[in-house]
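Single-structure report; data block below.
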Amino acid sequence: MRLRALVLAAALLLLSAGLALAQTIPFNLLATENGSSATVPNNATINVNSPQGAGVTVDVKATYVGNVPATVPAAPTLFGSTSFSVTIDGTLPLVLNQGDSLTMHVTFRPTNSSAANAQLTLLFTQPATSSSGTVTTVQGAILLAFQGTSPQFVLSYILQANNNTVALPSTGGTLLFLPTQINTTAQANLNISNTGSGAGQVTAITLPAGPAFKAQGLPLFPVTIGTGQTLQLLVLYNPTAVQTDNDQIQITYQNGTTATVSLQGSGTAASFTYSYIQGGQSTVVKPNQTIPLPDTNVGDTSSLIISVQNTGNATGTVNSVSISGQGFQLSGTLPLFPQTLKQGDTFTFSISFTPTVAGTAQGELVIGGDVFNLSGKGLGPKLAFSYISSAGTVTLPPATAVVFTPTAVGQSEKVTFVVTNSGTLTATVSNIGISTANSPFSVSELAALPLSLAAGQSSQFTITFTPTTTGFVNGTLVLDTNNVALIGSGTTPPPLPSYTLQGPSGNTAPFTQPSVSLTLSSPYSLDLTGTLTLTSSGSFVTDPNVVFSTGGRTVNFAIPANSTSANFANQGPQIFLQTGTVAETVTLTPTFSTAGGVDVTPASPETLQFSIPSEAPVLLNVQVTNQAASSFTLLVTGYATTRALNSVNVTFTPAAGFNIRTSSATIDVSQVSNTWFQSTASESFGGQFEITIPFTLTGPAPAVGRTLLQTLASVAATVTNAIGTSNSLQANVQ
């Protein structure tokens, strides 16, 4: 018993030594930049950003929180980039008492846009007293890393007429448009790019005075441009006369520097005549009129030629041609743009129409600054969708989804879905279904697939929504390549019936394994899953051995729909638990949810509670070990629900024909009991204990060839605590 106490004391000293090593610097550090402050730990990295030629200062305030005065003997040092510098307030050396502070000013003034790094070190000393009373000086250091970044802005522009990128000097330059036909619009993208190591700001952009030049895409200022990012402005040039137009855009950066981009363009006058050629016949068309393409089967392609001729009296330029609208596209080999046409010159290109659905399609053709409407009719099947619910008949579109009435979890809501062929040819639907498995949506009452619908014909089927969870649920109905969104919402399922937890109650014996069962008062309509959780509390430490037979303090159970008994861990309607060896109260609390995860646990769930009482110790085993001629060891094991022992009572029974002078002994184990039960190591054993008592026999030899140990037949033991005396167990010596 004495040896175990010494071992525990040594372990405590090692733990204390470990805690003494886990120290931090006795300073609280507060970093402030531009009025914004933040607490930083020692060894932190502080990021700063500044334009070239400017500077930014971080004030680091170090407040001393130590108990003895500290001395800062010298100024802080910076190792790394020369873009960083540091000063410190006050006259060195500085002596700091608890609550005093010092401030260091770290300035970053970059000379280029590369990232810069520096390490700040401020040494300090403190007196320290060793365990022997010797006063020594301990040195520490405030360590902070600084990482500086700086923006670098470059300018460029892209003419949309030829998609060429032109670099500009950083202070500005000239954005030169190609000659542009009057009353048309040419476009260019002006790029402000940050190629530096850190973010930078553009604080203002002065737009052109107009009217020939305009700029779009102006952000709110100031605008931050991250490293590697670009702010792009769209510059529009719309000449109204045959002349050279000039204007400018001025860009202001955060450090006050500016860049001026001059804008220059020239207007030209020309008159363009447009025509479309189909089947060898040419038809003149004017801007804003419609160019009709032939009726075309879905999936097939028809085309025609567009001719552009300069019928004016000056050279004209067509900067671009574009087309939009479903099924319409530019085809064949396109001419290179810009197209410059002298008087009488012509260029041509082709457009095609490939309808993907039946019906009339609309598009738009833009030639330079002139706009033409496009029209074509697709021949083929076209599916239209609608559904019928309690709200009436709803057409898709304009409705964007099939919407179901809110439905309780486990219940169902149905709608009738209608498919109509509104095209010109027979439609075939080969596949109809829900896109995901185990969806709360399902289809039924389908006609035989593939489904064939003549023009104007309809078919219908049923979509059923059976939610498994509360809240909104999305799904997708698939009809070949057509996807229809499904939206439903599950509402709270029916309340759970009352239930009964059967098992131990009142005072329950320690070190036993009672069983627990759970039964609903009436069947529930949905599959249920749940968890039974065991908690314990008392005046002593919690016994970790109070667990379910499956291990741990939780066990899962399931109750199939329309039944009442819980099946625990797939083992049956009962689960066993260990009651442990510590006096405490044990509470069992169940939770319930549907198979879809909806919690149906009552707001105040019924629990099962029982107590392990405080009682006299219980002996489990008494054993004689380490027998020698005149000595032996008595090993006593058992448990005490109060985690306390007072004494061990030992009774000796002599062997036949022998008498012994001492027939009993009482050993005080209260101190050693307190040491054990108050240790961390004992907590995993609950109230269990093991007592080892060595005995040495003295007296005259009993006879020749006989030992003192042979005078004993058996030893019996009991253990006591404040509540009472344990049961008695006996061990044979021989």
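Letters A, B, ... mark the chains of the structure tokens in the order given; residue numbers begin at 1 per chain; ligand numbers begin at 1, in order shown.
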Val598 in chain A: which residues within 7 Å, counting only C-alpha atoms, same-chain residues fewer than 3 positions away excluded, as a CSV table (one decimal) with C-alpha atoms, in the first residue's frame?
chain,number,residue,atom,x,y,z
A,469,THR,CA,-39.3,14.7,-44.1
A,470,THR,CA,-40.7,18.1,-43.2
A,593,SER,CA,-37.7,10.0,-35.5
A,594,THR,CA,-39.3,8.8,-38.6
Checklist line | Distance query range 140-152 of chain A at most 6 Å, only C-alpha atoms, self and fewer than 3 positions along chain excluded, as a list in words | finding: Asn42, Asn43, Ala44, Thr45, Ile46, Asn47, Val48, Asn49, Ser50, Pro51, Ser113, Ala115, Ala116, Asn117, Ala118, Gln119, Leu120, Thr121, Leu122, Leu123, Phe124, Asn194, Thr195, Gly196, Ser197, Gly198, Ala199 and Gly200 of chain A
Convert the current residue selection to file output with C-alpha atoms, as a short mmCIF file (atom, residue, chain, number, x, y, z; two decimals), in the first residue's frame.
data_model
loop_
_atom_site.label_atom_id
_atom_site.label_comp_id
_atom_site.auth_asym_id
_atom_site.auth_seq_id
_atom_site.Cartn_x
_atom_site.Cartn_y
_atom_site.Cartn_z
CA ASN A 42 3.21 36.01 -30.28
CA ASN A 43 4.79 34.59 -33.47
CA ALA A 44 1.81 35.90 -35.52
CA THR A 45 2.11 37.11 -39.11
CA ILE A 46 0.77 40.61 -39.83
CA ASN A 47 -0.11 41.45 -43.43
CA VAL A 48 0.25 45.03 -44.71
CA ASN A 49 -0.41 46.56 -48.09
CA SER A 50 0.72 49.89 -49.53
CA PRO A 51 1.20 51.45 -52.95
CA SER A 113 5.46 45.66 -56.38
CA ALA A 115 6.07 40.81 -51.90
CA ALA A 116 8.32 41.70 -48.96
CA ASN A 117 8.85 39.91 -45.63
CA ALA A 118 10.50 40.88 -42.35
CA GLN A 119 10.86 39.40 -38.84
CA LEU A 120 10.59 41.71 -35.79
CA THR A 121 12.33 40.68 -32.57
CA LEU A 122 12.09 42.55 -29.23
CA LEU A 123 14.09 40.96 -26.38
CA PHE A 124 13.09 41.34 -22.72
CA ASN A 194 -3.25 44.77 -61.06
CA THR A 195 -0.02 42.78 -61.67
CA GLY A 196 1.42 43.55 -58.24
CA SER A 197 1.66 41.39 -55.12
CA GLY A 198 -1.24 42.99 -53.26
CA ALA A 199 -4.60 44.62 -53.76
CA GLY A 200 -4.91 48.24 -54.81
#
Margin query: What parts of range 606-710 of chain A does DSSP call helix (DSSP H, G or I)? I'd like the answer as a list in words.
Written below: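 Listing helix (DSSP H, G or I) positions across range 606-710 of chain A yields Ser670, Gln671, Val672, Ser673, Asn674, Thr675, Trp676, Phe677, Thr680, Ala681, Ser682, Glu683, Ser684, Phe685, Leu708, Leu709 and Gln710 of chain A.
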Notebook entry, point to check: Neighbours of Thr601 in chain A within 8 Å (only C-alpha atoms; same-chain residues fewer than 5 positions away dropped), as a ChimeraX atom specification?
Noted result: /A:496,590-593
For C-alpha atoms, I'd like the residues from the last selection saved as a PDB file, in the first residue's frame.
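Saved result, out.pdb, follows:
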ATOM      1  CA  LEU A 496     -46.167   9.884 -31.257  1.00  0.00           C
ATOM      2  CA  PRO A 590     -35.372   7.910 -25.550  1.00  0.00           C
ATOM      3  CA  THR A 591     -35.583   9.989 -28.745  1.00  0.00           C
ATOM      4  CA  PHE A 592     -37.731   9.104 -31.767  1.00  0.00           C
ATOM      5  CA  SER A 593     -37.675  10.007 -35.470  1.00  0.00           C
TER       6      SER A 593
END
Item checked: Separation of CA of Leu304 in chain A from CA of Thr317 in chain A, in Å and rounded to one decimal ->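 Between CA of Leu304 in chain A and CA of Thr317 in chain A the gap is 22.9 Å.
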Next item on the list: Give me the residues within 6 Å of range 630-644 of chain A as a list in words, counting only C-alpha atoms and dropping any in the same chain fewer than 5 places off.
Entry: Thr581, Val582, Ala583, Ser614, Pro617, Val618, Leu619, Leu620, Asn621, Val622, Gln623, Val624, Thr625, Gly687, Gln688, Phe689, Glu690, Ile691, Thr692, Ile693, Pro694, Phe695, Thr696, Leu697, Leu708 and Leu709 of chain A
Export of the given selection (C-alpha atoms) as a PDB file, in the first residue's frame:
ATOM      1  CA  THR A 581     -20.200   0.037  -8.585  1.00  0.00           C
ATOM      2  CA  VAL A 582     -20.713   3.707  -7.633  1.00  0.00           C
ATOM      3  CA  ALA A 583     -23.681   5.178  -5.779  1.00  0.00           C
ATOM      4  CA  SER A 614     -24.781   3.904  -0.881  1.00  0.00           C
ATOM      5  CA  PRO A 617     -18.555  -2.561   0.866  1.00  0.00           C
ATOM      6  CA  VAL A 618     -18.882  -5.891  -0.969  1.00  0.00           C
ATOM      7  CA  LEU A 619     -16.002  -8.373  -1.188  1.00  0.00           C
ATOM      8  CA  LEU A 620     -15.639 -10.292  -4.449  1.00  0.00           C
ATOM      9  CA  ASN A 621     -12.524 -12.334  -3.745  1.00  0.00           C
ATOM     10  CA  VAL A 622      -9.926 -13.038  -1.055  1.00  0.00           C
ATOM     11  CA  GLN A 623      -6.721 -14.807  -2.146  1.00  0.00           C
ATOM     12  CA  VAL A 624      -3.468 -15.853  -0.479  1.00  0.00           C
ATOM     13  CA  THR A 625      -0.393 -15.296  -2.689  1.00  0.00           C
ATOM     14  CA  GLY A 687     -16.037   1.844  -6.865  1.00  0.00           C
ATOM     15  CA  GLN A 688     -13.783  -1.207  -7.357  1.00  0.00           C
ATOM     16  CA  PHE A 689     -10.683  -1.685  -5.202  1.00  0.00           C
ATOM     17  CA  GLU A 690      -7.821  -4.126  -4.700  1.00  0.00           C
ATOM     18  CA  ILE A 691      -5.938  -4.293  -1.384  1.00  0.00           C
ATOM     19  CA  THR A 692      -2.599  -6.090  -1.029  1.00  0.00           C
ATOM     20  CA  ILE A 693      -1.513  -6.818   2.582  1.00  0.00           C
ATOM     21  CA  PRO A 694       1.827  -8.565   3.317  1.00  0.00           C
ATOM     22  CA  PHE A 695       2.020 -10.642   6.552  1.00  0.00           C
ATOM     23  CA  THR A 696       5.160 -11.920   8.347  1.00  0.00           C
ATOM     24  CA  LEU A 697       4.829 -14.745  10.936  1.00  0.00           C
ATOM     25  CA  LEU A 708       5.489 -21.196  10.470  1.00  0.00           C
ATOM     26  CA  LEU A 709       3.157 -20.841   7.474  1.00  0.00           C
TER      27      LEU A 709
END
Next item on the list: Go through range 523-668 of chain A and collect every residue that DSSP, computed from the backbone, puts in strand (DSSP E); the answer should be as a ChimeraX atom specification.
Entry: /A:528-537,554-559,567-568,575-576,584-594,608-612,618-625,631-639,647-654,664-668
Selection above as a file: C-alpha atoms, as an mmCIF file, in the first residue's frame:
data_model
loop_
_atom_site.group_PDB
_atom_site.id
_atom_site.type_symbol
_atom_site.label_atom_id
_atom_site.label_comp_id
_atom_site.auth_asym_id
_atom_site.auth_seq_id
_atom_site.Cartn_x
_atom_site.Cartn_y
_atom_site.Cartn_z
ATOM 1 C CA LEU A 528 -39.588 4.750 -36.382
ATOM 2 C CA THR A 529 -35.955 4.810 -35.395
ATOM 3 C CA GLY A 530 -34.624 6.072 -32.117
ATOM 4 C CA THR A 531 -31.829 6.240 -29.601
ATOM 5 C CA LEU A 532 -31.957 5.326 -25.928
ATOM 6 C CA THR A 533 -29.436 7.415 -23.997
ATOM 7 C CA LEU A 534 -28.064 6.583 -20.534
ATOM 8 C CA THR A 535 -26.900 9.367 -18.206
ATOM 9 C CA SER A 536 -25.826 9.188 -14.566
ATOM 10 C CA SER A 537 -25.217 11.671 -11.769
ATOM 11 C CA THR A 554 -26.399 4.972 -26.266
ATOM 12 C CA VAL A 555 -28.175 2.209 -28.159
ATOM 13 C CA ASN A 556 -30.252 2.499 -31.312
ATOM 14 C CA PHE A 557 -33.663 0.919 -31.715
ATOM 15 C CA ALA A 558 -36.311 0.561 -34.394
ATOM 16 C CA ILE A 559 -40.105 0.240 -34.275
ATOM 17 C CA ASN A 567 -36.016 -3.726 -31.347
ATOM 18 C CA PHE A 568 -32.691 -2.733 -29.785
ATOM 19 C CA ILE A 575 -31.365 -4.509 -23.979
ATOM 20 C CA PHE A 576 -29.213 -5.193 -20.907
ATOM 21 C CA GLU A 584 -25.468 7.392 -8.316
ATOM 22 C CA THR A 585 -28.746 7.933 -10.158
ATOM 23 C CA VAL A 586 -29.103 6.505 -13.676
ATOM 24 C CA THR A 587 -31.585 8.002 -16.167
ATOM 25 C CA LEU A 588 -32.656 6.469 -19.501
ATOM 26 C CA THR A 589 -34.097 8.909 -22.084
ATOM 27 C CA PRO A 590 -35.372 7.910 -25.550
ATOM 28 C CA THR A 591 -35.583 9.989 -28.745
ATOM 29 C CA PHE A 592 -37.731 9.104 -31.767
ATOM 30 C CA SER A 593 -37.675 10.007 -35.470
ATOM 31 C CA THR A 594 -39.311 8.775 -38.624
ATOM 32 C CA LEU A 608 -36.735 5.597 -16.707
ATOM 33 C CA GLN A 609 -34.745 6.340 -13.556
ATOM 34 C CA PHE A 610 -33.192 4.175 -10.859
ATOM 35 C CA SER A 611 -30.508 4.554 -8.194
ATOM 36 C CA ILE A 612 -27.443 2.609 -7.092
ATOM 37 C CA VAL A 618 -18.882 -5.891 -0.969
ATOM 38 C CA LEU A 619 -16.002 -8.373 -1.188
ATOM 39 C CA LEU A 620 -15.639 -10.292 -4.449
ATOM 40 C CA ASN A 621 -12.524 -12.334 -3.745
ATOM 41 C CA VAL A 622 -9.926 -13.038 -1.055
ATOM 42 C CA GLN A 623 -6.721 -14.807 -2.146
ATOM 43 C CA VAL A 624 -3.468 -15.853 -0.479
ATOM 44 C CA THR A 625 -0.393 -15.296 -2.689
ATOM 45 C CA SER A 631 5.214 -14.900 5.199
ATOM 46 C CA PHE A 632 2.392 -14.528 2.725
ATOM 47 C CA THR A 633 0.381 -11.799 0.953
ATOM 48 C CA LEU A 634 -3.361 -11.379 1.271
ATOM 49 C CA LEU A 635 -5.081 -10.000 -1.896
ATOM 50 C CA VAL A 636 -8.575 -8.579 -1.225
ATOM 51 C CA THR A 637 -10.799 -7.334 -4.097
ATOM 52 C CA GLY A 638 -14.295 -5.826 -4.031
ATOM 53 C CA TYR A 639 -16.219 -2.577 -4.494
ATOM 54 C CA SER A 647 -10.370 -0.768 7.661
ATOM 55 C CA VAL A 648 -9.672 -4.381 6.737
ATOM 56 C CA ASN A 649 -10.462 -6.988 9.408
ATOM 57 C CA VAL A 650 -8.509 -10.253 9.103
ATOM 58 C CA THR A 651 -9.203 -13.460 11.063
ATOM 59 C CA PHE A 652 -6.650 -16.326 11.174
ATOM 60 C CA THR A 653 -7.677 -19.971 11.611
ATOM 61 C CA PRO A 654 -4.829 -22.274 12.847
ATOM 62 C CA SER A 664 -7.248 -11.446 14.202
ATOM 63 C CA ALA A 665 -5.920 -8.120 12.998
ATOM 64 C CA THR A 666 -7.450 -4.788 11.908
ATOM 65 C CA ILE A 667 -5.598 -2.675 9.340
ATOM 66 C CA ASP A 668 -6.512 1.028 8.864
#
Note to self: Residues within 12 Å of Pro398 in chain A, please, as a PyMOL selection string. Count only C-alpha atoms; anything in the same chain fewer than 6 positions from it doesn't count.
What the structure shows: chain A and resi 384-386
Check: Using only C-alpha atoms, which residue out of A:Phe347, A:Ile434, A:Pro397, A:Ser322 lies closest to Val366 in chain A?
Finding: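 Nearest candidate to Val366 in chain A out of A:Phe347, A:Ile434, A:Pro397, A:Ser322: A:Ser322.
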Next item on the list: Just give me the gap between CA of Pro335 in chain A and CA of Val321 in chain A in Å, one decimal is fine.
Entry: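 Taking CA of Pro335 in chain A and CA of Val321 in chain A, their separation equals 9.6 Å.
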Notebook entry, point to check: What lies within 7 Å of Ser302 in chain A using only C-alpha atoms, ignoring chain neighbours under 6 positions off, as number ranges by chain?
Noted result: A: 294, 296, 352-354
Item checked: Contact residues around Gln339 in chain A with only C-alpha atoms at 8 Å, ignoring same-chain residues under 5 positions, as a list in words ->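 Residues meeting the cut-off are Thr317, Val318, Asn319 and Ser320 of chain A.
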Those residues with N, CA and C atoms, as a PDB file, in the first residue's frame please?
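Final output, result-v1.pdb:
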ATOM      1  N   THR A 317     -17.261  51.222 -93.311  1.00  0.00           N
ATOM      2  CA  THR A 317     -16.714  50.073 -92.582  1.00  0.00           C
ATOM      3  C   THR A 317     -17.823  49.365 -91.820  1.00  0.00           C
ATOM      4  N   VAL A 318     -17.861  48.059 -91.977  1.00  0.00           N
ATOM      5  CA  VAL A 318     -18.728  47.211 -91.153  1.00  0.00           C
ATOM      6  C   VAL A 318     -17.820  46.499 -90.163  1.00  0.00           C
ATOM      7  N   ASN A 319     -17.970  46.838 -88.901  1.00  0.00           N
ATOM      8  CA  ASN A 319     -17.036  46.329 -87.889  1.00  0.00           C
ATOM      9  C   ASN A 319     -17.318  44.901 -87.464  1.00  0.00           C
ATOM     10  N   SER A 320     -18.594  44.489 -87.515  1.00  0.00           N
ATOM     11  CA  SER A 320     -18.905  43.150 -87.011  1.00  0.00           C
ATOM     12  C   SER A 320     -20.267  42.713 -87.507  1.00  0.00           C
TER      13      SER A 320
END
Next item on the list: Return the single residue from A:Gly488, A:Phe108, A:Ser430, A:Val72 that is closest to Ser85 in chain A, with distances computed using only C-alpha atoms.
Entry: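 Counting only C-alpha atoms, the residue closest to Ser85 in chain A is A:Phe108.
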